[in-house]
Amino acid sequence: MTVLENILLVGLVICAAAAPLCKRLLATVIVYLAFSVILAVLWSILQSPDLAITEAAVGTGISGILFFLTLKKIHALKGTRDE
Amino acid sequence: MLEAISQNRFAVVAVILFGIGLLNMMLQQNLLKKVIGFSIMDSAVFLLLASLGYIEGHGAPIVEEGNVNASLYINPIPSGLVLTGIVVSISVTAFSLALIQRIYRHYGTIELTELLERAKKEED
Amino acid sequence: MSDRGKSGWKRFAEWVNGDSVARDPTTQYVMNRRPVRAHAPQEFHEERERLRLKKFLGLYPLAASFLCLTLITILFVTVLCIPPFGQPGNPTNNEVSRHYLEYTEQETGATNAVTGMILSYRGFDTLGESCVLFLAVSSVMMLLQRDRNNTDQRTLHRLRREDAIERTHPDNILRKSAKLLSPFILLFALYVLFNGETSPGGGFSGGAILGGGLILYSAAYGPEQLSRLLSRSLYDGVRIMGLMAYALTYGIFIFAGANGITVEMEWMMTVIDLAVGLVVACTIYGFYTMFQRGKL
């Protein structure tokens, strides 16, 4: 269990460091969502299933949708720049 | 030193994540990346809080009926605090993203230096 | 435009919307006057501003990294001194948590100590937090809602074109999978919402999943379908009623409980749970629909 914990913690730091270093904003958001998934697994390892459910729904689903909609509105996705 | 770090690995990772988030928030030029840095800082605080309530070998705080022995379960208080915090953090993120959309609609960019120049030009 | 003949409420609504016209000419004159500017030579002004910006941008990264590194060092040293992780004798595991674990079921009827705690012992905290969510979705509406003041012909044209594209070329994979999945997600959300007292879940998680299910439903059947079911007035009603039901029930809960009057706590917990879930679900669905279309 401790090994899995350590792997997840290292992954958390790597994701957090890599997310803002990506050039494309789409990649940044996707790496941030991976960060949230790892965090959700960590909550369930820390014996807090309530937090795991909430993080999986909010951090991964909802905030992902909001970030992608914002990317679409600021024309950072391919094919959304008009004219 | 190493032993202290491995004893408090969650807290150490939380501090590192907080530092990464703060650096991003202060040094990134892109507003969206600033928001992501802010979310990472949020998560770091939650990680520290939740790790304070964990007790090794104890289970999730769902009390079995008739077996009310407090030494079987982890501390429920940090979990409750973090649960409310996660939902507030998503609303803060949504609000900042809405602000970013308005800024883009008005100035046509979300890079901070360009934004400042355009705002200055518009003011004159 | 005369204010006579208008009800006070209507004038208040206009004032809140920022549409009101000042009544007396003096106020109107002051409102319309442009601020006085110093007329320095343009080049001088621009040069000075550019220098200032350059100096700021050169100094800022250094100062910011220095500040961050100092803060991280202090935090790191502090973290090395806190008691080891996961020990039962840590100062955080004191008699408060023991009391919550031992008496939650008896005093609130919830076996999940986390849900019992945030909805009963720390209910004021959660009430304030629900207000934060309410205000957040209101502010997002203020920023992103499309009305006649911030919509131009181009945006309308683009939206109409996007709708037409969606109607003629529907995304089949998204549609089919969302149609298949969204009933199960909504069912799971209701399970998590109502079963939060005895299993992991409760108002926040259930509401978040319910909001996610509504978003998926909206993506599958088109936004018109859902806005026919959940109109603007119904949405606002649910949002406000959720918050008020929470405040009312929790008020009764606190006052009756504090005075030793025995009341049926279990249905109150269910009502509070449902109210929190509705507020969270409305918040999340409101964020999505404001970001997506700018109207409900």
# chains A, B, ... in the order shown; residues from 1 in each chain; ligands from 1
call {"tool": "residues_around", "arguments": {"residues": "Thr93 in chain B", "least_positions_apart": "2", "cutoff": "8 Å", "atoms": "only C-alpha atoms", "output": "VMD selection string"}}
result
(chain A and resid 63) or (chain B and resid 35 39 89 to 91 95 to 97)
call {"tool": "write_last_selection", "arguments": {"atoms": "C-alpha atoms", "output": "CSV table (one decimal), in the first residue's frame"}}
result
chain,number,residue,atom,x,y,z
A,63,SER,CA,-14.1,21.4,-14.1
B,35,VAL,CA,-6.2,29.6,-12.8
B,39,SER,CA,-6.5,25.0,-8.5
B,89,SER,CA,-13.0,25.6,-5.2
B,90,ILE,CA,-14.9,24.6,-8.3
B,91,SER,CA,-17.2,27.6,-8.0
B,95,PHE,CA,-16.0,32.4,-11.7
B,96,SER,CA,-12.4,33.0,-12.8
B,97,LEU,CA,-13.0,31.2,-16.1
call {"tool": "residues_around", "arguments": {"residues": "range 45-62 of chain B", "least_positions_apart": "6", "cutoff": "9 Å", "atoms": "only C-alpha atoms", "output": "number ranges by chain"}}
result
A: 39, 42-43, 46-49; B: 10-15, 17-18, 71-79, 81-83, 85-86; C: 85-88, 90, 92-93, 101, 110-114, 197-200
call {"tool": "select_by_dssp", "arguments": {"residues": "range 28-207 of chain C", "states": "alpha helix (DSSP H)", "output": "VMD selection string"}}
result
chain C and resid 28 to 32 42 to 81 95 to 108 113 to 116 123 to 144 153 to 168 172 to 194 203 to 207
call {"tool": "residues_around", "arguments": {"residues": "range 105-118 of chain B", "least_positions_apart": "4", "cutoff": "7 Å", "atoms": "only C-alpha atoms", "output": "NGL selection string"}}
result
:B and (29-31 or 101 or 122)
call {"tool": "write_last_selection", "arguments": {"atoms": "N, CA and C atoms", "output": "PDB file, in the first residue's frame"}}
result
ATOM      1  N   GLN B  29       2.366  33.894 -17.673  1.00  0.00           N
ATOM      2  CA  GLN B  29       1.800  35.054 -18.369  1.00  0.00           C
ATOM      3  C   GLN B  29       0.377  34.784 -18.847  1.00  0.00           C
ATOM      4  N   ASN B  30       0.020  33.491 -18.928  1.00  0.00           N
ATOM      5  CA  ASN B  30      -1.282  33.125 -19.470  1.00  0.00           C
ATOM      6  C   ASN B  30      -2.301  33.028 -18.341  1.00  0.00           C
ATOM      7  N   LEU B  31      -3.434  33.686 -18.494  1.00  0.00           N
ATOM      8  CA  LEU B  31      -4.393  33.724 -17.395  1.00  0.00           C
ATOM      9  C   LEU B  31      -4.962  32.349 -17.083  1.00  0.00           C
ATOM     10  N   GLN B 101     -13.289  34.659 -19.886  1.00  0.00           N
ATOM     11  CA  GLN B 101     -14.064  34.764 -21.129  1.00  0.00           C
ATOM     12  C   GLN B 101     -14.432  36.211 -21.424  1.00  0.00           C
ATOM     13  N   GLU B 122      -6.057  51.470 -24.781  1.00  0.00           N
ATOM     14  CA  GLU B 122      -7.472  51.813 -24.797  1.00  0.00           C
ATOM     15  C   GLU B 122      -7.761  52.983 -23.858  1.00  0.00           C
TER      16      GLU B 122
END
call {"tool": "atom_distance", "arguments": {"atom1": "CA of Thr70 in chain C", "atom2": "CA of Met26 in chain B"}}
result
14.0 Å
call {"tool": "closest_residue", "arguments": {"among": "A:Val41, A:Leu77, A:Leu51, A:Leu69", "to": "chain B", "atoms": "only C-alpha atoms"}}
result
A:Leu51
call {"tool": "interface_residues", "arguments": {"of": "chain A", "to": "chain B", "cutoff": "9 Å", "atoms": "only C-alpha atoms", "output": "PyMOL selection string"}}
result
chain A and resi 6+9-10+12-13+16-17+19-21+25+28-29+32+35-36+39+42-43+46-51+54-55+58-59+62-63+66-67+70-71+73-74
call {"tool": "write_last_selection", "arguments": {"atoms": "N, CA and C atoms", "output": "compact mmCIF listing (two decimals), in the first residue's frame"}}
result
# COMPACT_ATOMS: atom_id res chain seq x y z
N ASN A 6 3.30 6.04 -2.58
CA ASN A 6 4.44 6.85 -3.00
C ASN A 6 4.41 7.11 -4.50
N LEU A 9 1.90 9.78 -5.15
CA LEU A 9 2.36 11.11 -4.72
C LEU A 9 3.35 11.68 -5.72
N VAL A 10 4.28 10.81 -6.20
CA VAL A 10 5.25 11.29 -7.20
C VAL A 10 4.52 11.70 -8.47
N LEU A 12 1.54 12.82 -8.68
CA LEU A 12 0.87 14.09 -8.40
C LEU A 12 1.81 15.26 -8.64
N VAL A 13 3.04 15.15 -8.09
CA VAL A 13 4.00 16.25 -8.25
C VAL A 13 4.36 16.42 -9.71
N ALA A 16 1.50 18.08 -11.56
CA ALA A 16 1.37 19.49 -11.20
C ALA A 16 2.48 20.32 -11.83
N ALA A 17 3.70 19.73 -11.90
CA ALA A 17 4.80 20.50 -12.49
C ALA A 17 4.66 20.57 -14.00
N ALA A 19 1.82 20.33 -15.87
CA ALA A 19 0.61 20.94 -16.44
C ALA A 19 0.85 22.34 -17.00
N PRO A 20 1.42 23.28 -16.21
CA PRO A 20 1.56 24.63 -16.78
C PRO A 20 2.73 24.78 -17.74
N LEU A 21 3.59 23.74 -17.85
CA LEU A 21 4.74 23.87 -18.74
C LEU A 21 4.39 23.49 -20.17
N LEU A 25 -2.65 24.91 -24.68
CA LEU A 25 -3.53 25.01 -23.53
C LEU A 25 -4.36 23.74 -23.36
N THR A 28 -2.36 21.37 -21.38
CA THR A 28 -2.33 21.81 -19.99
C THR A 28 -3.56 21.33 -19.24
N VAL A 29 -4.74 21.53 -19.87
CA VAL A 29 -5.98 21.16 -19.19
C VAL A 29 -6.05 19.66 -19.00
N TYR A 32 -3.90 18.60 -16.20
CA TYR A 32 -4.53 18.98 -14.93
C TYR A 32 -5.65 18.00 -14.56
N PHE A 35 -4.12 15.05 -13.02
CA PHE A 35 -3.83 15.41 -11.62
C PHE A 35 -5.04 15.14 -10.73
N SER A 36 -6.23 15.54 -11.20
CA SER A 36 -7.43 15.35 -10.40
C SER A 36 -7.77 13.88 -10.23
N LEU A 39 -5.58 12.46 -7.65
CA LEU A 39 -6.01 12.93 -6.33
C LEU A 39 -7.22 12.14 -5.85
N LEU A 42 -6.06 8.97 -4.49
CA LEU A 42 -5.42 9.20 -3.18
C LEU A 42 -6.44 9.38 -2.08
N TRP A 43 -7.55 10.06 -2.37
CA TRP A 43 -8.56 10.21 -1.32
C TRP A 43 -9.08 8.85 -0.89
N LEU A 46 -6.70 7.32 1.37
CA LEU A 46 -6.74 7.96 2.69
C LEU A 46 -8.05 7.67 3.41
N GLN A 47 -8.82 6.69 2.94
CA GLN A 47 -10.04 6.23 3.61
C GLN A 47 -11.12 7.30 3.69
N SER A 48 -11.19 8.16 2.66
CA SER A 48 -12.27 9.15 2.66
C SER A 48 -13.09 8.97 1.38
N PRO A 49 -14.01 8.01 1.34
CA PRO A 49 -14.74 7.74 0.09
C PRO A 49 -15.61 8.90 -0.35
N ASP A 50 -16.11 9.69 0.62
CA ASP A 50 -16.92 10.86 0.25
C ASP A 50 -16.12 11.81 -0.64
N LEU A 51 -14.87 12.06 -0.17
CA LEU A 51 -14.00 12.96 -0.94
C LEU A 51 -13.69 12.38 -2.30
N THR A 54 -16.66 12.92 -4.61
CA THR A 54 -16.82 14.32 -4.98
C THR A 54 -15.72 14.78 -5.92
N GLU A 55 -14.49 14.37 -5.61
CA GLU A 55 -13.38 14.79 -6.46
C GLU A 55 -13.52 14.22 -7.86
N VAL A 58 -16.45 16.25 -9.46
CA VAL A 58 -16.24 17.69 -9.62
C VAL A 58 -14.91 17.98 -10.32
N GLY A 59 -13.83 17.44 -9.75
CA GLY A 59 -12.52 17.81 -10.27
C GLY A 59 -12.27 17.29 -11.66
N ILE A 62 -16.71 18.01 -13.99
CA ILE A 62 -17.29 19.33 -14.16
C ILE A 62 -16.22 20.35 -14.53
N SER A 63 -15.07 20.31 -13.77
CA SER A 63 -14.07 21.35 -14.07
C SER A 63 -13.48 21.11 -15.45
N LEU A 66 -15.90 22.72 -17.86
CA LEU A 66 -15.81 24.18 -17.81
C LEU A 66 -14.53 24.68 -18.50
N PHE A 67 -13.41 23.97 -18.25
CA PHE A 67 -12.16 24.39 -18.91
C PHE A 67 -12.27 24.25 -20.42
N THR A 70 -14.33 26.96 -21.88
CA THR A 70 -13.58 28.21 -21.93
C THR A 70 -12.59 28.20 -23.08
N LEU A 71 -11.91 27.05 -23.28
CA LEU A 71 -10.96 26.96 -24.39
C LEU A 71 -11.66 27.22 -25.71
N LYS A 73 -14.33 29.04 -26.14
CA LYS A 73 -14.73 30.44 -26.24
C LYS A 73 -13.54 31.35 -26.52
N ILE A 74 -12.35 30.97 -26.03
CA ILE A 74 -11.19 31.84 -26.29
C ILE A 74 -10.43 31.36 -27.52
call {"tool": "atom_distance", "arguments": {"atom1": "CA of Gly277 in chain C", "atom2": "CA of Glu65 in chain B"}}
result
25.5 Å
call {"tool": "residues_around", "arguments": {"residues": "Tyr221 in chain C", "least_positions_apart": "2", "cutoff": "10 Å", "atoms": "only C-alpha atoms", "output": "PyMOL selection string"}}
result
chain C and resi 175-176+178-179+216-219+223-226
call {"tool": "atom_distance", "arguments": {"atom1": "CA of Met31 in chain C", "atom2": "CA of Glu49 in chain C"}}
result
28.7 Å
